[in-house]
Amino acid sequence: MESFSRLAFRSGSAFLFVLASLLTSAIRPAAAENVRVDVIQDNSIVMVGGEWTVNGGRQGRIRIKGNQHIVAMGFDLSAVRGREVRSASLVCAQGDHMIEGVTISTIATPWDEYQSNGLTAGVEGIVDWGYPGARFPAVCGGNSFTLVTSIDSTIVDGSYRWALPADMVYAMVIGAAQGLAIHEHTADYGRNPTIFSREQSSKKPYLLLDVGEPLEQEPTPPSDLQVLPLGPANAELSLVPPRAGFAYEVTVDGHRLGRHNIPFVNHDSSLQTIFLRDLPDSILPDAVHEIQVASIDRMGRSSGPVEFRGIVFRSTPVETPDVSVQRYPAAETRGISVVPVLDKYDQSGDPVGDLPADYRRANPIFDGTAVHLRAAAGEVVGFQVLLRGQGDAGVQVALRSLPVRIDLWQSVYVLAGNRAIPDALMPLPDQITLNEQQDQSIIADIFVPFDAKAGEYFGELTVSDGRTVPLLLEVLPFSLPRRATFFCEMNSYGLPDHVDDYYALQQIAYDHRVHANILHYSHNTAAPGSRKSNLDMRLRSGRRMDNRRYDDIAPGAAEAYWEDFAEAFGPFIDGSLFNEGHRGPIPAPGFYLTFHESWPLHCRAYFNGNPDAYEAFKQSPEYAQTYVNILEDFVRLAKRKQWHDAGFQVYFNNKGGLDQLTKAPWILDEPSSYWDYRALQYYGDLTDRGRAEADEIQIDYRIDISRPEYCRGQLERQDDLWIVSSSAFQNYRRLVTDRMRTEGLQAWVYGTSNHVDQSNRNIQAWALDAWQDGATGIVPWQTVDKSGKALNEADQLGLFIFDRTPDGKTVIRHSLRLKAYREAEQLIEYLSLVEQRRGWSRAQMHDFIAAYVDLDGEVQQTSEEDAGTAGYGRLSVAGLESIRAAAISLLTDAE
């Protein structure tokens, strides 16, 4: 038809020309045009070590390097506004090294080439990258509602050509995006790949577009606008998306809402949410505001605004009782001090952490002459006795008229630098040797019965040398729940030799309202013939678990051998192990299943070398099918055993690489490269298939993640349970909490317990900090010391300590810091009761906590891979104690 049109024109026949034109317009689309759009700004955003404030503009070549350098580019696309984009490519002249593939996304926030860096967009009026604390990765890469695509590299005439979805161009054309971010797939930092920048005029990056005439369908407006106030400067706007439209434009009292808060139109959703926040201070709470929302199409045409007028933000003040927790010193009982179990002194009597000068005899539970305790029914209330004297003496703690379990422990002073600090605990012997110049630290745990009646109970702390301190316990008129609502999961690797040791460890955890989750496979499981799991504990019958049979699963098998698994772990899973425990039978809150990339089948035996997990096993479909089959079989087992209340986890712990043949081809624990996240998505899809009929059986797909900002759209449907590193939760908290709120993600924060020579109040603060922003648990890393060294020297990790009795029997001791996790759990239970009974939001609970204590902490990391240790330098002991006292005041007032 093209040749026919040219012939008609040459013949000079107007009729034939018109006829040819009509036929052409009826049969083919409007004439296309190739348009080149040069980059107008570019910058290599540096995100490594101490270089976050480095500006990478004005460079002839700019670096694209894994997660360390992401290139930002901006374009002036006004020339193609109103045109159809039929195809688009980003063309970049190759510099040093080969870039195999990239993820390209839109950028949500305006930025300046010469002022921007990893921490700021460099634009006046924009805080950081759009909100306080926002870093560059938070507003690109699929985060903050940005568009994202992944492309393998193609080189044409010395330049990369990366095909782009047209919608990315449309987003930039209409102002719904502020440029493109280019992120290399690999995380190989032994090289420095580059491209030429706009400063090289002959090799500057550009967009190559194939454009046509406008699309004809015009946008329609959204409908049914509703506002949910969440605080004085935070609200959610929900709406029904329009039938036609591409993006939204939102204003509040004429102020444009930042794009990082606005999703693109999703026609497949019945309801969408827009975050109303990061607005000027002139937008006041408890006042009427006008919200206007318009739908914008790809041509930039507007539907015209629809309006909501009313209260958008509410100040929602909370009641903060004025409480006093400091007791005033009375006449001191000679040589006896009592302090809260969270606090500690070294053996010479110097405080660990910041404690008031007279704290040993004047603190929230002691006035120098008597111990004053308050506890809910079901609570375990502890205190620490610092005892001095001469000779040998026995110590007892008793309550009258209240049958109660009381556990007594003697602290072991371990060396931390040049200080001897209490940490490991041993059962209190009948006699201990006292010294006038040094403390003996004794810990008392009182297990208040769940059926204890409210009121005062009296008892004594007695020393066999004749000293006595009165003990007063007030049981409060409410009880704690038997099951924890906030989880402290004690992490460890490698099962003990005997199932009785496993049970003993779990019993200690249970008594402290936490649970231990022990991973039972190693990193080196991928090679054919290697051991896929390590389930070989000795059972109570005397025989060992048949690990060989457990691992012996043939390709295509539909069933596995579960008998030994059920015998060994069943009592913990269903909670019957704790039938006689203080809280009664509590099913396992968290339990690793064996499923990973090399169980039930060895990954490397079926892996074809492709870094894309979706392509890596295509020639061997039995690999994926066997995984699904065996998970379905476990679901049937769990239903038969009625393991309805346990928290099972499918978790991929292994770290490897394409060329590490004994390990996984990817880093699946704390993923780094694009292919790592892609593999986790693949295994998540398999898990979804395998648990499709799980119904009431809780099987969470768990991902331990230290770089949630680099998901690049690969974990969009994997929102069961994220274990987020302390550093990630500090630096990308909003990114995580937004997913929690909009997608139902559960998040636990992992890190490391405080050092022995630091205040144990850090643990309490860490848990509160996580809980107040919606996390439902914390995970201290590597908590089991099987060597027993923690009995003699300070060990940051060892909360459970393996020891041997003189006759060679294995026993498990525990750390004083485990009491801090219990105290943190119980305080959060108090706060949860306040939240429920007062009907407060989590934002209000955040304000309630902030009224008493500053939880603005820092995370210390020894390396990029370190989970991080949260530290809270401005912690106030009085503030933390006041939170509990204020919660008690609110809860007792409600009774």
# chains A, B, ... in the order shown; residues from 1 in each chain; ligands from 1
call {"tool": "residues_around", "arguments": {"residues": "Met537 of chain A", "least_positions_apart": "4", "cutoff": "7 Å", "atoms": "only C-alpha atoms", "output": "ChimeraX atom specification"}}
result
/A:496-499,544-545
call {"tool": "write_last_selection", "arguments": {"atoms": "C-alpha atoms", "output": "CSV table (one decimal), in the first residue's frame"}}
result
chain,number,residue,atom,x,y,z
A,496,PRO,CA,21.8,-30.6,69.7
A,497,ASP,CA,22.8,-34.2,69.8
A,498,HIS,CA,19.8,-35.4,71.9
A,499,VAL,CA,16.2,-34.5,71.7
A,544,ARG,CA,18.8,-41.7,66.2
A,545,MET,CA,16.5,-40.0,63.7
call {"tool": "residues_around", "arguments": {"residues": "segment 266-271 of chain A", "least_positions_apart": "6", "cutoff": "10 Å", "atoms": "only C-alpha atoms", "output": "list of chain:residue names"}}
result
A:Ser223, A:Asp224, A:Leu225, A:Ser238, A:Leu239, A:Val240, A:Pro241, A:Pro242, A:Arg243, A:Ala244, A:Gly245, A:Phe246, A:Ala247
call {"tool": "write_last_selection", "arguments": {"atoms": "C-alpha atoms", "output": "short mmCIF file (atom, residue, chain, number, x, y, z; two decimals), in the first residue's frame"}}
result
data_model
loop_
_atom_site.label_atom_id
_atom_site.label_comp_id
_atom_site.auth_asym_id
_atom_site.auth_seq_id
_atom_site.Cartn_x
_atom_site.Cartn_y
_atom_site.Cartn_z
CA SER A 223 -14.98 7.86 42.57
CA ASP A 224 -16.03 7.20 46.17
CA LEU A 225 -13.27 9.17 47.90
CA SER A 238 -9.11 5.45 49.42
CA LEU A 239 -10.90 5.61 46.09
CA VAL A 240 -12.40 3.46 43.37
CA PRO A 241 -10.11 3.66 40.33
CA PRO A 242 -11.49 5.13 37.11
CA ARG A 243 -12.50 3.06 34.10
CA ALA A 244 -9.90 4.89 31.99
CA GLY A 245 -6.79 6.67 33.15
CA PHE A 246 -3.11 6.12 33.81
CA ALA A 247 -2.01 8.23 36.79
#
call {"tool": "atom_distance", "arguments": {"atom1": "atom CA of Glu307 of chain A", "atom2": "atom CA of Gln292 of chain A"}}
result
4.6 Å
call {"tool": "residues_around", "arguments": {"residues": "Trp643 of chain A", "least_positions_apart": "2", "cutoff": "9 Å", "atoms": "only C-alpha atoms", "output": "VMD selection string"}}
result
chain A and resid 570 573 to 574 587 637 to 641 645 to 646 696 to 698
call {"tool": "write_last_selection", "arguments": {"atoms": "all heavy atoms", "output": "CSV table (one decimal), in the first residue's frame"}}
result
chain,number,residue,atom,x,y,z
A,570,GLY,N,7.1,-33.0,67.4
A,570,GLY,CA,5.7,-32.9,67.6
A,570,GLY,C,5.4,-32.3,69.0
A,570,GLY,O,4.5,-31.3,69.0
A,573,ILE,N,5.9,-28.6,68.6
A,573,ILE,CA,5.1,-28.0,67.6
A,573,ILE,C,3.6,-27.8,68.2
A,573,ILE,O,3.0,-26.7,68.0
A,573,ILE,CB,5.0,-28.8,66.3
A,573,ILE,CG1,6.4,-28.7,65.6
A,573,ILE,CG2,3.9,-28.4,65.4
A,573,ILE,CD1,6.5,-29.7,64.4
A,574,ASP,N,3.1,-28.8,68.8
A,574,ASP,CA,1.7,-28.7,69.3
A,574,ASP,C,1.6,-28.1,70.7
A,574,ASP,O,0.5,-27.9,71.2
A,574,ASP,CB,1.0,-30.1,69.3
A,574,ASP,CG,1.6,-31.1,70.2
A,574,ASP,OD1,2.3,-30.8,71.1
A,574,ASP,OD2,1.4,-32.3,69.9
A,587,PRO,N,1.7,-23.8,71.4
A,587,PRO,CA,2.3,-24.3,70.2
A,587,PRO,C,3.5,-23.4,69.7
A,587,PRO,O,3.6,-22.2,70.0
A,587,PRO,CB,1.2,-24.3,69.2
A,587,PRO,CG,-0.1,-24.3,70.0
A,587,PRO,CD,0.3,-23.5,71.3
A,637,LEU,N,0.2,-34.0,56.6
A,637,LEU,CA,0.7,-34.5,57.9
A,637,LEU,C,0.2,-33.5,59.0
A,637,LEU,O,-0.3,-33.9,60.0
A,637,LEU,CB,2.2,-34.5,57.9
A,637,LEU,CG,2.9,-34.7,59.2
A,637,LEU,CD1,2.7,-36.1,59.8
A,637,LEU,CD2,4.4,-34.4,59.1
A,638,ALA,N,0.4,-32.2,58.7
A,638,ALA,CA,0.0,-31.2,59.7
A,638,ALA,C,-1.4,-31.2,60.0
A,638,ALA,O,-1.9,-31.0,61.2
A,638,ALA,CB,0.4,-29.8,59.2
A,639,LYS,N,-2.3,-31.5,59.0
A,639,LYS,CA,-3.7,-31.6,59.3
A,639,LYS,C,-4.0,-32.8,60.1
A,639,LYS,O,-4.8,-32.8,61.0
A,639,LYS,CB,-4.5,-31.6,58.0
A,639,LYS,CG,-4.5,-30.3,57.2
A,639,LYS,CD,-5.3,-30.4,55.9
A,639,LYS,CE,-5.4,-29.1,55.3
A,639,LYS,NZ,-6.2,-29.1,54.0
A,640,ARG,N,-3.4,-34.0,59.8
A,640,ARG,CA,-3.6,-35.2,60.6
A,640,ARG,C,-3.2,-35.0,62.1
A,640,ARG,O,-3.9,-35.4,63.0
A,640,ARG,CB,-2.8,-36.4,60.0
A,640,ARG,CG,-3.3,-36.9,58.7
A,640,ARG,CD,-2.7,-38.3,58.4
A,640,ARG,NE,-1.3,-38.3,58.4
A,640,ARG,CZ,-0.5,-38.0,57.3
A,640,ARG,NH1,-1.1,-37.7,56.2
A,640,ARG,NH2,0.8,-38.1,57.4
A,641,LYS,N,-2.1,-34.3,62.3
A,641,LYS,CA,-1.6,-34.1,63.6
A,641,LYS,C,-2.3,-32.9,64.3
A,641,LYS,O,-2.0,-32.6,65.5
A,641,LYS,CB,-0.1,-33.8,63.6
A,641,LYS,CG,0.8,-35.0,63.1
A,641,LYS,CD,0.8,-36.1,64.1
A,641,LYS,CE,1.7,-37.2,63.6
A,641,LYS,NZ,1.7,-38.3,64.6
A,645,ASP,N,-2.0,-24.4,65.2
A,645,ASP,CA,-1.7,-23.2,65.8
A,645,ASP,C,-0.2,-22.9,65.8
A,645,ASP,O,0.3,-21.9,66.4
A,645,ASP,CB,-2.2,-23.1,67.3
A,645,ASP,CG,-3.7,-23.2,67.4
A,645,ASP,OD1,-4.3,-22.5,66.6
A,645,ASP,OD2,-4.2,-23.9,68.3
A,646,ALA,N,0.6,-23.7,65.2
A,646,ALA,CA,2.0,-23.5,65.1
A,646,ALA,C,2.3,-22.6,63.9
A,646,ALA,O,1.6,-22.5,63.0
A,646,ALA,CB,2.8,-24.9,64.9
A,696,GLU,N,-6.2,-24.0,57.4
A,696,GLU,CA,-5.9,-23.6,58.8
A,696,GLU,C,-4.5,-23.8,59.2
A,696,GLU,O,-4.1,-23.4,60.3
A,696,GLU,CB,-6.9,-24.2,59.8
A,696,GLU,CG,-6.6,-25.7,60.0
A,696,GLU,CD,-7.3,-26.6,59.0
A,696,GLU,OE1,-7.7,-26.1,57.9
A,696,GLU,OE2,-7.4,-27.8,59.3
A,697,ILE,N,-3.7,-24.4,58.4
A,697,ILE,CA,-2.3,-24.6,58.8
A,697,ILE,C,-1.5,-23.4,58.4
A,697,ILE,O,-1.5,-23.0,57.2
A,697,ILE,CB,-1.7,-25.9,58.1
A,697,ILE,CG1,-2.5,-27.1,58.4
A,697,ILE,CG2,-0.2,-26.1,58.5
A,697,ILE,CD1,-2.6,-27.5,59.9
A,698,GLN,N,-0.8,-22.8,59.3
A,698,GLN,CA,0.0,-21.6,59.0
A,698,GLN,C,1.4,-21.9,58.5
A,698,GLN,O,2.2,-22.4,59.3
A,698,GLN,CB,0.1,-20.7,60.3
A,698,GLN,CG,0.9,-19.4,60.0
A,698,GLN,CD,1.1,-18.6,61.3
A,698,GLN,OE1,0.3,-18.8,62.3
A,698,GLN,NE2,2.1,-17.7,61.3
call {"tool": "select_by_dssp", "arguments": {"residues": "segment 53-213 of chain A", "states": "helix (DSSP H, G or I)", "output": "list in words"}}
result
Ser78, Ala79, Val80, Phe136, Pro137, Ala138, Val139, Asn143, Ser144, Phe145, Ala166, Asp167, Met168, Val169, Tyr170, Ala171, Met172, Val173, Ser201, Ser202 and Lys203 of chain A
call {"tool": "atom_distance", "arguments": {"atom1": "atom CA of Gln410 of chain A", "atom2": "atom CA of Ile443 of chain A"}}
result
6.3 Å
call {"tool": "closest_residue", "arguments": {"among": "A:Glu113, A:Asp685, A:Asp96, A:Glu622", "to": "Gly179 of chain A", "atoms": "only C-alpha atoms"}}
result
A:Glu113
call {"tool": "residues_around", "arguments": {"residues": "Asp343 of chain A", "least_positions_apart": "2", "cutoff": "7 Å", "atoms": "only C-alpha atoms", "output": "VMD selection string"}}
result
chain A and resid 339 to 341 759 to 760
call {"tool": "write_last_selection", "arguments": {"atoms": "N, CA, C and O atoms", "output": "tab-separated table (two decimals), in the first residue's frame"}}
result
chain	number	residue	atom	x	y	z
A	339	VAL	N	17.84	-4.27	92.72
A	339	VAL	CA	17.63	-3.45	91.52
A	339	VAL	C	16.76	-4.22	90.54
A	339	VAL	O	16.66	-5.45	90.60
A	340	PRO	N	16.12	-3.53	89.59
A	340	PRO	CA	15.36	-4.24	88.56
A	340	PRO	C	16.25	-5.22	87.81
A	340	PRO	O	17.46	-5.00	87.64
A	341	VAL	N	15.65	-6.28	87.33
A	341	VAL	CA	16.41	-7.34	86.68
A	341	VAL	C	17.07	-6.86	85.38
A	341	VAL	O	18.01	-7.48	84.89
A	759	SER	N	24.17	-1.75	78.72
A	759	SER	CA	22.94	-1.90	79.48
A	759	SER	C	21.98	-2.85	78.76
A	759	SER	O	21.77	-2.75	77.55
A	760	ASN	N	21.38	-3.76	79.54
A	760	ASN	CA	20.38	-4.66	78.98
A	760	ASN	C	19.08	-3.94	78.63
A	760	ASN	O	18.20	-4.52	78.00
call {"tool": "atom_distance", "arguments": {"atom1": "atom CA of Asp500 of chain A", "atom2": "atom CA of Val397 of chain A"}}
result
29.7 Å
